[in-house]
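Text of query_7.cif (mmCIF, C-alpha atoms) as supplied:
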data_data
#
loop_
_atom_site.label_atom_id
_atom_site.label_comp_id
_atom_site.auth_asym_id
_atom_site.auth_seq_id
_atom_site.Cartn_x
_atom_site.Cartn_y
_atom_site.Cartn_z
CA MET F 218 -3.47 -21.03 -15.75
CA THR F 219 -2.73 -17.96 -17.89
CA GLN F 220 -3.24 -15.14 -15.36
CA ILE F 221 -2.17 -14.33 -11.82
CA THR F 222 -4.49 -11.87 -10.07
CA GLU F 223 -6.54 -11.66 -6.89
CA ASP F 224 -9.28 -13.67 -8.66
CA ASN F 225 -7.22 -16.88 -8.80
CA PHE F 226 -4.79 -16.21 -5.95
CA GLU F 227 -6.01 -19.23 -3.93
CA GLN F 228 -5.25 -21.50 -6.89
CA VAL F 229 -1.82 -19.82 -7.30
CA MET F 230 -1.05 -20.36 -3.60
CA HIS F 231 -1.92 -24.03 -3.92
CA LEU F 232 0.39 -24.37 -6.94
CA PHE F 233 3.28 -22.65 -5.13
CA LYS F 234 2.85 -24.67 -1.95
CA GLU F 235 2.53 -28.05 -3.69
CA SER F 236 5.34 -27.76 -6.26
CA SER F 237 9.07 -27.36 -5.83
CA GLU F 238 9.33 -26.19 -9.45
CA ILE F 239 6.60 -23.72 -10.42
CA ASP F 240 5.79 -23.49 -14.11
CA LEU F 241 4.59 -19.98 -15.06
CA GLN F 242 5.57 -20.28 -18.74
CA GLU F 243 2.01 -19.88 -20.03
CA ILE F 244 1.22 -16.73 -17.99
CA ILE F 245 0.11 -13.85 -20.22
CA PHE F 246 -1.11 -11.44 -17.51
CA ILE F 247 -0.05 -10.67 -13.95
CA ASP F 248 -1.09 -7.67 -11.86
CA PRO F 249 0.46 -6.05 -8.73
CA TYR F 250 -1.50 -8.38 -6.42
CA GLY F 251 -0.09 -11.39 -8.28
CA MET F 252 3.47 -10.08 -8.23
CA VAL F 253 3.51 -9.02 -4.59
CA GLY F 254 1.73 -12.26 -3.65
CA ILE F 255 4.45 -14.35 -5.31
CA LEU F 256 7.18 -12.40 -3.49
CA LYS F 257 5.44 -12.85 -0.16
CA MET F 258 5.05 -16.60 -0.72
CA GLY F 259 8.77 -16.73 -1.57
CA GLU F 260 9.55 -14.89 1.66
CA LEU F 261 7.43 -17.39 3.59
CA PHE F 262 9.23 -20.37 2.02
CA GLN F 263 12.58 -18.75 2.76
CA SER F 264 11.64 -18.42 6.44
CA GLU F 265 11.01 -22.20 6.39
CA GLY F 266 14.39 -22.85 4.71
CA ILE F 267 12.81 -23.67 1.32
CA HIS F 268 14.11 -22.25 -1.99
CA LYS F 269 11.82 -23.07 -4.93
CA THR F 270 12.32 -22.63 -8.68
CA ILE F 271 10.09 -20.54 -10.95
CA GLN F 272 10.01 -21.16 -14.69
CA LEU F 273 9.37 -17.64 -15.95
CA PRO F 274 6.66 -16.71 -18.49
CA LYS F 275 7.55 -17.14 -22.16
CA SER F 276 5.71 -13.92 -23.04
CA GLU F 277 8.19 -11.11 -23.56
CA GLU F 278 5.48 -8.56 -22.78
CA VAL F 279 4.98 -10.12 -19.35
CA LEU F 280 8.75 -10.25 -18.73
CA LYS F 281 9.06 -6.59 -19.72
CA TYR F 282 6.26 -5.69 -17.34
CA LEU F 283 7.78 -7.70 -14.48
CA GLU F 284 11.08 -5.92 -15.10
CA ARG F 285 9.35 -2.53 -15.26
CA MET F 286 7.65 -3.21 -11.92
CA ASP F 287 11.00 -4.17 -10.30
CA PHE F 288 9.79 -7.73 -9.66
CA PHE F 289 13.21 -9.18 -10.54
CA LYS F 290 14.88 -6.84 -8.05
CA PHE F 291 13.36 -8.98 -5.25
CA ALA F 292 12.36 -12.33 -6.80
CA GLY F 293 15.94 -13.64 -6.99
CA ASN F 294 16.22 -13.33 -3.19
CA TYR F 295 13.47 -15.91 -2.72
CA PHE F 296 13.44 -18.13 -5.82
CA ASN F 297 15.71 -19.74 -8.38
CA LEU F 298 14.57 -18.16 -11.65
CA GLU F 299 14.65 -20.10 -14.93
CA PRO F 300 16.04 -18.56 -17.07
CA SER F 301 18.16 -16.75 -14.50
CA LYS F 302 18.67 -13.77 -16.81
CA PRO F 303 15.53 -13.46 -18.97
CA GLN F 304 16.10 -12.01 -22.43
CA ILE F 305 14.26 -8.68 -22.60
CA SER F 306 14.90 -6.91 -25.89
CA GLY F 307 13.86 -3.34 -25.06
CA LYS F 308 13.20 -2.40 -21.46
CA TYR F 309 10.09 -0.40 -20.67
CA LEU F 310 10.70 3.32 -20.70
CA ARG F 311 10.35 4.81 -17.26
CA SER F 312 8.60 7.93 -18.49
CA SER F 313 5.87 10.16 -17.06
CA PHE F 314 3.55 8.55 -19.62
CA SER F 315 3.94 5.12 -18.03
CA ASP F 316 0.88 3.58 -16.38
CA VAL F 317 2.98 2.39 -13.44
CA MET F 318 2.15 4.54 -10.43
CA LEU F 319 4.51 2.72 -8.10
CA GLU F 320 6.95 -0.11 -8.76
CA ILE F 321 7.03 -2.87 -6.15
CA THR F 322 8.44 -1.07 -3.12
CA PRO F 323 9.31 -2.41 0.36
CA ILE F 324 7.71 -0.91 3.49
CA GLU F 325 9.78 -1.40 6.63
CA LYS F 326 9.81 1.96 8.42
CA SER F 327 7.94 5.27 8.45
CA ASN F 328 10.53 6.85 6.13
CA ASP F 329 9.51 4.34 3.47
CA ILE F 330 5.96 5.70 3.58
CA HIS F 331 7.20 9.27 3.03
CA PHE F 332 9.22 8.02 0.05
CA ILE F 333 6.22 6.09 -1.35
CA VAL F 334 3.82 9.01 -0.92
CA GLY F 335 6.30 11.41 -2.54
CA LYS F 336 6.78 9.12 -5.53
CA VAL F 337 3.04 8.49 -5.95
CA LYS F 338 2.22 12.20 -5.62
CA ASP F 339 4.51 12.93 -8.55
CA ARG F 340 2.66 10.45 -10.74
CA ALA F 341 -0.85 10.82 -9.28
CA ASN F 342 -1.63 14.02 -11.13
CA ALA F 343 -0.63 12.54 -14.47
CA ILE F 344 -2.41 9.21 -13.98
CA LEU F 345 -5.38 9.98 -11.73
CA LYS F 346 -6.25 13.29 -13.40
CA ARG F 347 -5.70 12.21 -16.97
CA HIS F 348 -7.01 8.64 -16.87
CA LEU F 349 -9.43 8.50 -13.94
CA ASN F 350 -10.77 12.09 -14.03
CA TYR F 351 -10.02 12.60 -10.32
CA ASP F 352 -10.00 16.15 -9.01
CA GLU F 353 -7.58 17.58 -6.43
CA ARG F 354 -9.74 16.45 -3.48
CA ALA F 355 -9.96 12.90 -4.79
CA ILE F 356 -6.20 12.76 -5.42
CA ASN F 357 -5.53 13.95 -1.86
CA GLY F 358 -7.96 11.31 -0.58
CA PHE F 359 -6.12 8.69 -2.62
CA ILE F 360 -2.76 9.71 -1.09
CA VAL F 361 -4.20 9.62 2.45
CA ALA F 362 -5.76 6.18 1.84
CA LEU F 363 -2.44 4.86 0.49
CA SER F 364 -0.56 6.24 3.53
CA GLU F 365 -3.04 4.58 5.89
CA VAL F 366 -2.76 1.18 4.22
CA CYS F 367 1.04 1.36 4.33
CA GLN F 368 1.02 2.64 7.92
CA ASN F 369 -1.07 -0.39 8.83
CA ILE F 370 1.95 -2.58 8.03
CA ILE F 371 4.30 -0.54 10.23
CA GLU F 372 1.89 -0.45 13.18
CA HIS F 373 0.29 -3.88 13.07
CA SER F 374 2.36 -6.38 11.15
CA GLU F 375 5.65 -6.19 13.09
CA THR F 376 7.44 -7.01 9.83
CA LYS F 377 8.07 -5.54 6.38
CA GLY F 378 5.66 -5.41 3.50
CA PHE F 379 5.48 -4.65 -0.21
CA VAL F 380 3.27 -2.26 -2.19
CA GLY F 381 2.73 -1.93 -5.97
CA ILE F 382 0.31 0.29 -7.97
CA GLN F 383 -0.67 0.16 -11.64
CA LYS F 384 -3.27 1.71 -13.94
CA TYR F 385 -5.09 -0.50 -16.47
CA HIS F 386 -7.60 0.03 -19.24
CA TRP F 387 -10.37 -2.55 -19.02
CA GLN F 388 -11.65 -3.21 -22.52
CA ASN F 389 -14.86 -4.95 -21.43
CA MET F 390 -15.93 -1.91 -19.35
CA ASN F 391 -14.10 0.66 -21.49
CA LYS F 392 -12.86 2.17 -18.23
CA ASN F 393 -9.53 2.89 -16.61
CA VAL F 394 -8.90 1.28 -13.22
CA VAL F 395 -6.07 1.72 -10.72
CA LYS F 396 -5.03 -1.35 -8.70
CA ILE F 397 -3.17 -1.08 -5.38
CA ALA F 398 -1.70 -4.19 -3.74
CA VAL F 399 -0.22 -4.06 -0.22
CA MET F 400 0.92 -7.21 1.60
CA ASP F 401 2.88 -8.36 4.63
CA LEU F 402 3.54 -11.64 6.44
CA GLY F 403 3.16 -10.18 9.91
CA ILE F 404 1.04 -11.16 12.88
CA GLY F 405 -2.26 -10.58 11.03
CA PHE F 406 -5.50 -8.97 12.17
CA LYS F 407 -6.62 -11.60 14.68
CA LYS F 408 -3.40 -11.60 16.69
CA SER F 409 -3.06 -7.82 16.45
CA LEU F 410 -6.59 -7.10 17.73
CA SER F 411 -6.92 -10.00 20.20
CA LYS F 412 -4.92 -8.00 22.76
CA ARG F 413 -7.98 -5.74 23.17
CA PHE F 414 -10.95 -7.69 21.76
CA SER F 415 -12.48 -11.10 22.07
CA LEU F 416 -12.45 -12.50 18.53
CA LYS F 417 -13.99 -15.67 17.15
CA ASP F 418 -11.82 -16.03 14.05
CA ASP F 419 -9.96 -14.23 11.23
CA ILE F 420 -13.11 -12.94 9.50
CA ASP F 421 -14.34 -11.45 12.79
CA ALA F 422 -11.01 -9.62 13.20
CA ILE F 423 -11.01 -8.21 9.63
CA GLU F 424 -14.62 -7.01 10.06
CA LYS F 425 -13.75 -5.25 13.31
CA ALA F 426 -10.85 -3.40 11.67
CA LEU F 427 -12.41 -2.56 8.31
CA LEU F 428 -16.05 -2.00 9.21
CA HIS F 429 -15.80 -0.75 12.80
CA GLY F 430 -12.40 0.95 12.95
CA ALA F 431 -11.10 -1.29 15.73
CA SER F 432 -7.44 -0.87 16.71
CA ARG F 433 -4.93 -2.72 18.87
CA TYR F 434 -4.24 0.69 20.48
CA ALA F 435 -6.53 2.06 23.16
CA ASP F 436 -5.76 5.75 22.59
CA SER F 437 -8.32 7.57 20.49
CA GLY F 438 -7.30 8.60 17.01
CA ARG F 439 -5.26 5.44 16.47
CA GLY F 440 -6.24 2.56 14.28
CA HIS F 441 -9.12 4.13 12.39
CA GLY F 442 -7.01 4.08 9.24
CA LEU F 443 -8.70 1.17 7.50
CA ALA F 444 -12.18 2.50 8.25
CA ALA F 445 -11.08 5.79 6.63
CA VAL F 446 -9.70 3.86 3.63
CA ARG F 447 -13.02 2.03 3.33
CA ARG F 448 -14.92 5.35 3.32
CA PHE F 449 -12.66 6.77 0.60
CA VAL F 450 -12.96 3.62 -1.54
CA LYS F 451 -16.74 3.64 -1.13
CA GLN F 452 -16.98 7.33 -2.00
CA TRP F 453 -15.22 6.66 -5.33
CA ASP F 454 -17.19 3.44 -5.97
CA GLY F 455 -14.07 1.29 -5.62
CA LYS F 456 -13.43 -2.22 -4.38
CA ILE F 457 -11.38 -3.25 -1.34
CA SER F 458 -10.53 -6.74 -0.17
CA ILE F 459 -8.52 -7.82 2.86
CA ARG F 460 -7.20 -11.33 3.31
CA SER F 461 -5.65 -12.40 6.61
CA GLY F 462 -4.95 -15.86 7.98
CA THR F 463 -7.66 -18.10 6.55
CA ALA F 464 -10.29 -15.48 5.72
CA LYS F 465 -11.03 -12.71 3.25
CA LEU F 466 -13.50 -9.84 3.42
CA SER F 467 -14.37 -7.75 0.35
CA ILE F 468 -16.52 -4.69 -0.28
CA ILE F 469 -17.66 -5.08 -3.87
CA PRO F 470 -19.25 -2.34 -6.01
CA LYS F 471 -21.81 -3.11 -8.72
CA TRP F 472 -19.25 -3.01 -11.54
CA SER F 473 -17.01 -5.67 -9.95
CA TRP F 474 -17.39 -9.29 -8.84
CA GLY F 475 -16.33 -11.77 -6.17
CA LYS F 476 -17.55 -13.01 -2.79
CA SER F 477 -17.98 -10.59 0.09
CA GLN F 478 -16.78 -13.20 2.63
CA GLU F 479 -14.52 -16.22 2.29
CA ILE F 480 -13.43 -18.50 5.13
CA ASN F 481 -11.42 -21.72 5.53
CA LEU F 482 -8.84 -20.54 2.99
CA THR F 483 -5.25 -21.80 2.93
CA HIS F 484 -3.49 -20.11 5.83
CA LEU F 485 -1.22 -17.20 4.89
CA PRO F 486 0.23 -15.04 7.68
CA GLY F 487 -0.16 -11.27 7.84
CA SER F 488 -2.52 -9.28 5.64
CA GLN F 489 -3.03 -9.00 1.89
CA ILE F 490 -4.93 -5.91 0.75
CA ASN F 491 -6.22 -5.15 -2.73
CA ILE F 492 -7.86 -1.85 -3.74
CA MET F 493 -9.35 -1.08 -7.15
CA LEU F 494 -10.45 2.44 -8.06
CA PRO F 495 -12.41 3.08 -11.28
CA GLU F 496 -12.46 6.05 -13.61
CA MET F 497 -15.06 8.61 -12.54
#

In C-alpha coordinates, how does this file's structure come out?
Amino acid sequence: MTQITEDNFEQVMHLFKESSEIDLQEIIFIDPYGMVGILKMGELFQSEGIHKTIQLPKSEEVLKYLERMDFFKFAGNYFNLEPSKPQISGKYLRSSFSDVMLEITPIEKSNDIHFIVGKVKDRANAILKRHLNYDERAINGFIVALSEVCQNIIEHSETKGFVGIQKYHWQNMNKNVVKIAVMDLGIGFKKSLSKRFSLKDDIDAIEKALLHGASRYADSGRGHGLAAVRRFVKQWDGKISIRSGTAKLSIIPKWSWGKSQEINLTHLPGSQINIMLPEM
(Lines of atoms letter the chains of each structure in order from A and count residues from 1; the text may use other names and numbers.)
(Lines give C-alpha, C1' and ligand atoms only; values in the text may rest on other atoms or scores of the structure.)
Protein backbone atom coordinates (compact mmCIF):
# COMPACT_ATOMS: atom_id res chain seq x y z
CA MET A 1 0.00 0.00 0.00
CA THR A 2 1.43 3.38 -1.05
CA GLN A 3 -1.62 5.65 -0.61
CA ILE A 4 -4.27 6.31 2.02
CA THR A 5 -7.45 7.83 0.61
CA GLU A 6 -11.16 7.12 0.55
CA ASP A 7 -10.54 4.66 -2.32
CA ASN A 8 -8.65 2.17 -0.13
CA PHE A 9 -10.02 3.14 3.28
CA GLU A 10 -11.60 -0.31 3.85
CA GLN A 11 -8.20 -1.93 3.31
CA VAL A 12 -6.59 0.64 5.65
CA MET A 13 -9.19 -0.08 8.35
CA HIS A 14 -8.47 -3.79 8.08
CA LEU A 15 -4.72 -3.16 8.46
CA PHE A 16 -5.25 -0.94 11.52
CA LYS A 17 -7.65 -3.34 13.19
CA GLU A 18 -5.54 -6.46 12.58
CA SER A 19 -2.08 -5.14 13.50
CA SER A 20 -0.71 -3.80 16.76
CA GLU A 21 2.17 -2.19 14.85
CA ILE A 22 1.07 -0.46 11.65
CA ASP A 23 3.72 -0.04 8.99
CA LEU A 24 3.10 3.10 6.88
CA GLN A 25 6.74 3.51 5.80
CA GLU A 26 5.99 3.07 2.09
CA ILE A 27 3.15 5.63 1.97
CA ILE A 28 3.79 8.35 -0.62
CA PHE A 29 0.35 10.01 -0.61
CA ILE A 30 -2.31 10.62 2.02
CA ASP A 31 -5.29 12.98 1.75
CA PRO A 32 -7.54 14.59 4.43
CA TYR A 33 -9.89 11.57 4.43
CA GLY A 34 -6.92 9.28 5.12
CA MET A 35 -5.54 11.49 7.88
CA VAL A 36 -8.83 12.10 9.67
CA GLY A 37 -9.72 8.41 9.24
CA ILE A 38 -6.50 7.34 10.98
CA LEU A 39 -7.16 9.73 13.87
CA LYS A 40 -10.70 8.45 14.27
CA MET A 41 -9.53 4.83 14.29
CA GLY A 42 -6.97 5.80 16.95
CA GLU A 43 -9.74 7.41 18.99
CA LEU A 44 -11.80 4.22 18.68
CA PHE A 45 -8.89 2.04 19.86
CA GLN A 46 -8.27 4.41 22.76
CA SER A 47 -11.90 4.05 23.87
CA GLU A 48 -11.26 0.28 23.97
CA GLY A 49 -8.05 0.75 26.00
CA ILE A 50 -5.77 -0.07 23.03
CA HIS A 51 -2.70 2.01 22.10
CA LYS A 52 -1.16 0.95 18.79
CA THR A 53 2.13 1.93 17.14
CA ILE A 54 2.46 3.59 13.73
CA GLN A 55 5.71 3.40 11.78
CA LEU A 56 5.61 6.73 9.98
CA PRO A 57 6.21 7.18 6.22
CA LYS A 58 9.83 7.42 5.09
CA SER A 59 8.91 10.10 2.54
CA GLU A 60 9.89 13.52 3.85
CA GLU A 61 7.30 15.14 1.57
CA VAL A 62 4.55 13.12 3.25
CA LEU A 63 5.89 13.94 6.72
CA LYS A 64 6.00 17.64 5.83
CA TYR A 65 2.43 17.47 4.61
CA LEU A 66 1.24 15.64 7.74
CA GLU A 67 2.95 18.30 9.84
CA ARG A 68 1.44 21.10 7.74
CA MET A 69 -2.04 19.61 8.21
CA ASP A 70 -1.54 19.41 12.02
CA PHE A 71 -1.81 15.61 11.97
CA PHE A 72 0.94 15.25 14.59
CA LYS A 73 -0.90 17.64 16.90
CA PHE A 74 -3.48 14.87 17.49
CA ALA A 75 -1.87 11.58 16.41
CA GLY A 76 0.34 11.31 19.50
CA ASN A 77 -2.79 11.25 21.69
CA TYR A 78 -3.91 7.99 20.11
CA PHE A 79 -0.79 6.21 18.82
CA ASN A 80 2.85 5.58 19.62
CA LEU A 81 4.67 7.15 16.67
CA GLU A 82 7.92 5.69 15.32
CA PRO A 83 10.03 7.79 15.08
CA SER A 84 8.47 9.79 17.90
CA LYS A 85 9.96 13.04 16.58
CA PRO A 86 10.17 12.74 12.77
CA GLN A 87 13.01 14.67 11.16
CA ILE A 88 11.46 17.38 8.98
CA SER A 89 14.12 19.62 7.46
CA GLY A 90 12.06 22.65 6.42
CA LYS A 91 8.49 22.96 7.63
CA TYR A 92 5.83 23.95 5.12
CA LEU A 93 5.27 27.68 4.97
CA ARG A 94 1.86 28.61 6.25
CA SER A 95 1.30 31.27 3.61
CA SER A 96 -1.76 32.49 1.72
CA PHE A 97 -0.37 30.62 -1.29
CA SER A 98 -0.69 27.26 0.47
CA ASP A 99 -3.21 24.78 -0.93
CA VAL A 100 -4.37 23.87 2.57
CA MET A 101 -7.81 25.36 3.11
CA LEU A 102 -8.19 24.00 6.62
CA GLU A 103 -5.77 22.03 8.78
CA ILE A 104 -7.26 19.11 10.70
CA THR A 105 -9.56 20.86 13.17
CA PRO A 106 -11.73 19.42 15.97
CA ILE A 107 -15.50 20.07 16.04
CA GLU A 108 -17.02 19.80 19.51
CA LYS A 109 -19.30 22.81 19.91
CA SER A 110 -21.03 25.47 17.80
CA ASN A 111 -18.19 27.95 18.46
CA ASP A 112 -15.85 25.58 16.63
CA ILE A 113 -18.00 25.90 13.51
CA HIS A 114 -17.79 29.72 13.64
CA PHE A 115 -14.00 29.40 13.94
CA ILE A 116 -13.82 26.91 11.04
CA VAL A 117 -16.06 29.01 8.77
CA GLY A 118 -14.05 32.15 9.56
CA LYS A 119 -10.77 30.43 8.77
CA VAL A 120 -12.08 28.87 5.56
CA LYS A 121 -13.64 32.16 4.41
CA ASP A 122 -10.23 33.80 4.63
CA ARG A 123 -8.71 31.18 2.36
CA ALA A 124 -11.73 30.42 0.15
CA ASN A 125 -11.32 33.48 -2.02
CA ALA A 126 -7.67 32.72 -2.71
CA ILE A 127 -8.16 29.00 -3.35
CA LEU A 128 -11.69 28.68 -4.76
CA LYS A 129 -11.49 31.79 -6.94
CA ARG A 130 -7.96 31.32 -8.19
CA HIS A 131 -7.84 27.54 -8.61
CA LEU A 132 -11.45 26.42 -9.05
CA ASN A 133 -12.88 29.50 -10.81
CA TYR A 134 -15.75 29.77 -8.32
CA ASP A 135 -17.69 33.02 -8.21
CA GLU A 136 -19.02 34.75 -5.08
CA ARG A 137 -22.28 32.75 -5.12
CA ALA A 138 -20.44 29.44 -5.38
CA ILE A 139 -18.05 30.40 -2.57
CA ASN A 140 -21.00 31.31 -0.33
CA GLY A 141 -22.63 27.98 -1.22
CA PHE A 142 -19.39 26.21 -0.32
CA ILE A 143 -19.28 27.92 3.10
CA VAL A 144 -22.94 27.03 3.80
CA ALA A 145 -22.36 23.40 2.77
CA LEU A 146 -19.30 23.18 5.04
CA SER A 147 -21.27 24.67 7.97
CA GLU A 148 -24.06 22.14 7.46
CA VAL A 149 -21.72 19.16 7.38
CA CYS A 150 -20.00 20.34 10.57
CA GLN A 151 -23.33 21.15 12.23
CA ASN A 152 -24.39 17.59 11.49
CA ILE A 153 -21.72 16.40 13.95
CA ILE A 154 -22.92 18.73 16.72
CA GLU A 155 -26.59 17.83 16.27
CA HIS A 156 -26.46 14.13 15.47
CA SER A 157 -23.25 12.52 16.60
CA GLU A 158 -23.32 13.37 20.33
CA THR A 159 -19.51 13.44 20.23
CA LYS A 160 -16.65 15.41 18.67
CA GLY A 161 -15.44 15.21 15.12
CA PHE A 162 -12.59 16.31 12.87
CA VAL A 163 -12.57 18.22 9.57
CA GLY A 164 -9.74 18.82 7.06
CA ILE A 165 -9.77 20.52 3.62
CA GLN A 166 -7.12 20.55 0.88
CA LYS A 167 -6.83 21.60 -2.77
CA TYR A 168 -5.07 19.27 -5.24
CA HIS A 169 -4.10 19.42 -8.88
CA TRP A 170 -5.01 16.18 -10.63
CA GLN A 171 -2.54 15.60 -13.43
CA ASN A 172 -4.61 12.94 -15.22
CA MET A 173 -7.60 15.33 -15.52
CA ASN A 174 -5.52 18.52 -15.59
CA LYS A 175 -8.01 19.93 -13.08
CA ASN A 176 -7.93 21.33 -9.58
CA VAL A 177 -10.08 19.57 -6.98
CA VAL A 178 -10.91 20.48 -3.38
CA LYS A 179 -11.36 17.59 -0.92
CA ILE A 180 -13.31 17.98 2.33
CA ALA A 181 -13.24 15.21 4.96
CA VAL A 182 -15.50 15.34 8.03
CA MET A 183 -15.72 12.43 10.49
CA ASP A 184 -17.04 11.51 13.91
CA LEU A 185 -17.46 8.34 15.98
CA GLY A 186 -20.91 9.24 17.26
CA ILE A 187 -24.20 7.40 17.24
CA GLY A 188 -24.40 7.27 13.42
CA PHE A 189 -27.32 7.80 11.06
CA LYS A 190 -29.34 4.71 11.91
CA LYS A 191 -29.46 5.35 15.65
CA SER A 192 -29.99 9.08 15.16
CA LEU A 193 -32.96 8.66 12.79
CA SER A 194 -34.50 5.52 14.32
CA LYS A 195 -36.16 7.68 16.99
CA ARG A 196 -38.53 8.97 14.28
CA PHE A 197 -38.33 6.47 11.40
CA SER A 198 -38.54 2.76 10.88
CA LEU A 199 -35.21 1.83 9.27
CA LYS A 200 -34.04 -1.46 7.80
CA ASP A 201 -30.30 -0.86 8.01
CA ASP A 202 -27.46 1.68 7.76
CA ILE A 203 -27.84 2.26 4.01
CA ASP A 204 -31.56 2.98 4.47
CA ALA A 205 -30.71 5.58 7.14
CA ILE A 206 -28.05 7.33 5.01
CA GLU A 207 -30.46 7.45 2.03
CA LYS A 208 -33.18 9.00 4.17
CA ALA A 209 -30.82 11.74 5.40
CA LEU A 210 -28.96 12.50 2.18
CA LEU A 211 -31.63 11.95 -0.47
CA HIS A 212 -34.82 12.81 1.43
CA GLY A 213 -33.69 15.33 4.04
CA ALA A 214 -34.86 13.23 6.99
CA SER A 215 -34.00 14.50 10.47
CA ARG A 216 -34.15 13.17 14.02
CA TYR A 217 -35.98 16.43 14.86
CA ALA A 218 -39.68 16.81 14.15
CA ASP A 219 -39.70 20.62 13.85
CA SER A 220 -39.62 21.91 10.29
CA GLY A 221 -36.44 23.56 9.12
CA ARG A 222 -34.24 21.16 11.07
CA GLY A 223 -32.19 18.38 9.59
CA HIS A 224 -32.38 19.33 5.93
CA GLY A 225 -28.70 20.21 6.02
CA LEU A 226 -27.36 17.16 4.19
CA ALA A 227 -30.00 17.41 1.47
CA ALA A 228 -28.89 21.05 0.96
CA VAL A 229 -25.24 19.91 0.84
CA ARG A 230 -26.17 17.30 -1.76
CA ARG A 231 -27.88 19.96 -3.91
CA PHE A 232 -24.83 22.23 -3.72
CA VAL A 233 -22.43 19.39 -4.56
CA LYS A 234 -24.62 18.33 -7.49
CA GLN A 235 -24.88 21.90 -8.78
CA TRP A 236 -21.07 22.12 -8.97
CA ASP A 237 -20.73 18.58 -10.39
CA GLY A 238 -18.99 17.33 -7.25
CA LYS A 239 -18.88 14.00 -5.46
CA ILE A 240 -20.19 13.22 -1.97
CA SER A 241 -19.94 9.98 -0.04
CA ILE A 242 -21.24 9.14 3.42
CA ARG A 243 -20.14 6.10 5.36
CA SER A 244 -21.90 5.12 8.58
CA GLY A 245 -21.88 1.84 10.48
CA THR A 246 -21.48 -0.87 7.86
CA ALA A 247 -22.69 1.02 4.78
CA LYS A 248 -21.63 3.75 2.38
CA LEU A 249 -23.66 5.81 -0.08
CA SER A 250 -22.00 7.92 -2.79
CA ILE A 251 -23.24 10.34 -5.43
CA ILE A 252 -20.69 10.07 -8.21
CA PRO A 253 -20.32 12.50 -11.13
CA LYS A 254 -19.11 11.38 -14.57
CA TRP A 255 -15.52 12.49 -13.95
CA SER A 256 -15.13 10.37 -10.80
CA TRP A 257 -15.38 6.68 -9.90
CA GLY A 258 -16.52 4.29 -7.17
CA LYS A 259 -19.66 2.39 -6.18
CA SER A 260 -22.86 4.26 -5.43
CA GLN A 261 -23.80 1.80 -2.64
CA GLU A 262 -21.69 -0.44 -0.43
CA ILE A 263 -23.00 -2.65 2.37
CA ASN A 264 -21.59 -5.23 4.81
CA LEU A 265 -18.48 -3.11 5.40
CA THR A 266 -16.37 -3.34 8.57
CA HIS A 267 -18.36 -1.58 11.28
CA LEU A 268 -17.16 1.92 12.16
CA PRO A 269 -19.31 4.06 14.47
CA GLY A 270 -20.53 7.54 13.59
CA SER A 271 -20.30 9.05 10.13
CA GLN A 272 -17.47 9.62 7.66
CA ILE A 273 -18.17 12.19 4.95
CA ASN A 274 -16.05 12.96 1.90
CA ILE A 275 -16.79 15.78 -0.56
CA MET A 276 -14.84 16.51 -3.74
CA LEU A 277 -15.45 19.68 -5.74
CA PRO A 278 -13.85 20.13 -9.17
CA GLU A 279 -12.63 23.23 -10.97
CA MET A 280 -15.40 24.85 -13.00

Pick from F:Leu241, F:Val334, F:Val317, F:Met493: nearest to Val279 of chain F, with all atoms listed in the file counted?
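Among the listed residues, F:Leu241 lies closest to Val279 of chain F.
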
Any chance you could resolve the PyMOL selection byres ((chain F and resi 256) around 9) against this file and give the residues as a PDB file with C-alpha atoms, in the coordinates of the input?
ATOM      1  CA  GLY F 251      -0.090 -11.390  -8.280  1.00  0.00           C
ATOM      2  CA  MET F 252       3.470 -10.080  -8.230  1.00  0.00           C
ATOM      3  CA  VAL F 253       3.510  -9.020  -4.590  1.00  0.00           C
ATOM      4  CA  GLY F 254       1.730 -12.260  -3.650  1.00  0.00           C
ATOM      5  CA  ILE F 255       4.450 -14.350  -5.310  1.00  0.00           C
ATOM      6  CA  LYS F 257       5.440 -12.850  -0.160  1.00  0.00           C
ATOM      7  CA  MET F 258       5.050 -16.600  -0.720  1.00  0.00           C
ATOM      8  CA  GLY F 259       8.770 -16.730  -1.570  1.00  0.00           C
ATOM      9  CA  GLU F 260       9.550 -14.890   1.660  1.00  0.00           C
ATOM     10  CA  LEU F 261       7.430 -17.390   3.590  1.00  0.00           C
ATOM     11  CA  PHE F 288       9.790  -7.730  -9.660  1.00  0.00           C
ATOM     12  CA  PHE F 291      13.360  -8.980  -5.250  1.00  0.00           C
ATOM     13  CA  ALA F 292      12.360 -12.330  -6.800  1.00  0.00           C
ATOM     14  CA  TYR F 295      13.470 -15.910  -2.720  1.00  0.00           C
ATOM     15  CA  PHE F 296      13.440 -18.130  -5.820  1.00  0.00           C
ATOM     16  CA  PHE F 379       5.480  -4.650  -0.210  1.00  0.00           C
TER      17      PHE F 379
END

I'd like the residues picked by the PyMOL selection byres ((chain F and resi 386) around 10) written out as a PyMOL selection string, using the chain letters and numbers from the file.
chain F and resi 316+348+384-385+387-395+495-496

Just how far from atom CA of Ser477 of chain F is atom CA of Leu416 of chain F, in Å to one decimal?
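Going from atom CA of Leu416 of chain F over to atom CA of Ser477 of chain F covers 19.3 Å.
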
Show which residues sit within 9 Å of Ile371 of chain F, as a PyMOL selection string. Count all atoms listed in the file, and ignore same-chain residues fewer than 4 positions away.
chain F and resi 324-327+367+375-378

Quick one: apply the PyMOL selection byres ((chain F and resi 361) around 12) to the file and drop the selected residues here as number ranges by chain.
F: 330-331, 333-335, 337-338, 354-360, 362-368, 442-443, 445-450

In Å to one decimal, how far is atom CA of Ser301 of chain F from atom CA of Ser236 of chain F?
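The value is 18.8 Å.
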
Which neighbours of Glu284 of chain F fall inside 12 Å, counting all atoms listed in the file, when residues of the same chain fewer than 2 positions from it are skipped, and could you give them as a list in words?
Met252, Leu273, Glu277, Glu278, Val279, Leu280, Lys281, Tyr282, Met286, Asp287, Phe288, Phe289, Lys290, Phe291, Ala292, Lys302, Pro303, Gln304, Ile305, Ser306, Gly307, Lys308, Tyr309, Leu310, Arg311, Val317, Glu320 and Ile321 of chain F

What is the atom CA of Glu243 of chain F-atom CA of Pro274 of chain F distance in Å, reported with one decimal?
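The value is 5.8 Å.
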
Considering all atoms listed in the file, state which residue in the set F:Pro470, F:Asn350, F:Lys412, F:Gln383 is at the smallest distance from Gln452 of chain F.
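The answer is F:Pro470, which sits nearest to Gln452 of chain F.
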
List as a VMD selection string the protein and nucleic acid residues near Gly405 of chain F, meaning an atom at most 8 Å away when all atoms listed in the file are counted, but skip any in the same chain fewer than 2 places from it.
chain F and resid 373 to 374 402 to 403 407 to 409 461 to 462 486 to 488

Quick one: of F:Ile370, F:Met497, F:Ile247, F:Ala464, who's nearest to Thr483 of chain F, counting only C-alpha atoms?
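Using only C-alpha atoms, the shortest distance to Thr483 of chain F belongs to F:Ala464.
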
Restricting to all atoms listed in the file, whichever of F:Ile245, F:Asp224, F:Lys396, F:Lys417 is closest to Leu349 of chain F is F:Lys396

Option closest in space to Tyr250 of chain F, from F:Lys275, F:His231, F:Arg413, F:Arg460 [counting all atoms listed in the file]:
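Under the stated criterion, the closest residue is F:Arg460.
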
Which residue gives the smallest distance to Asp352 of chain F among F:Leu283, F:Asp339, F:Trp453, F:Leu319, with all atoms listed in the file counted?
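Under the stated criterion, the closest residue is F:Trp453.
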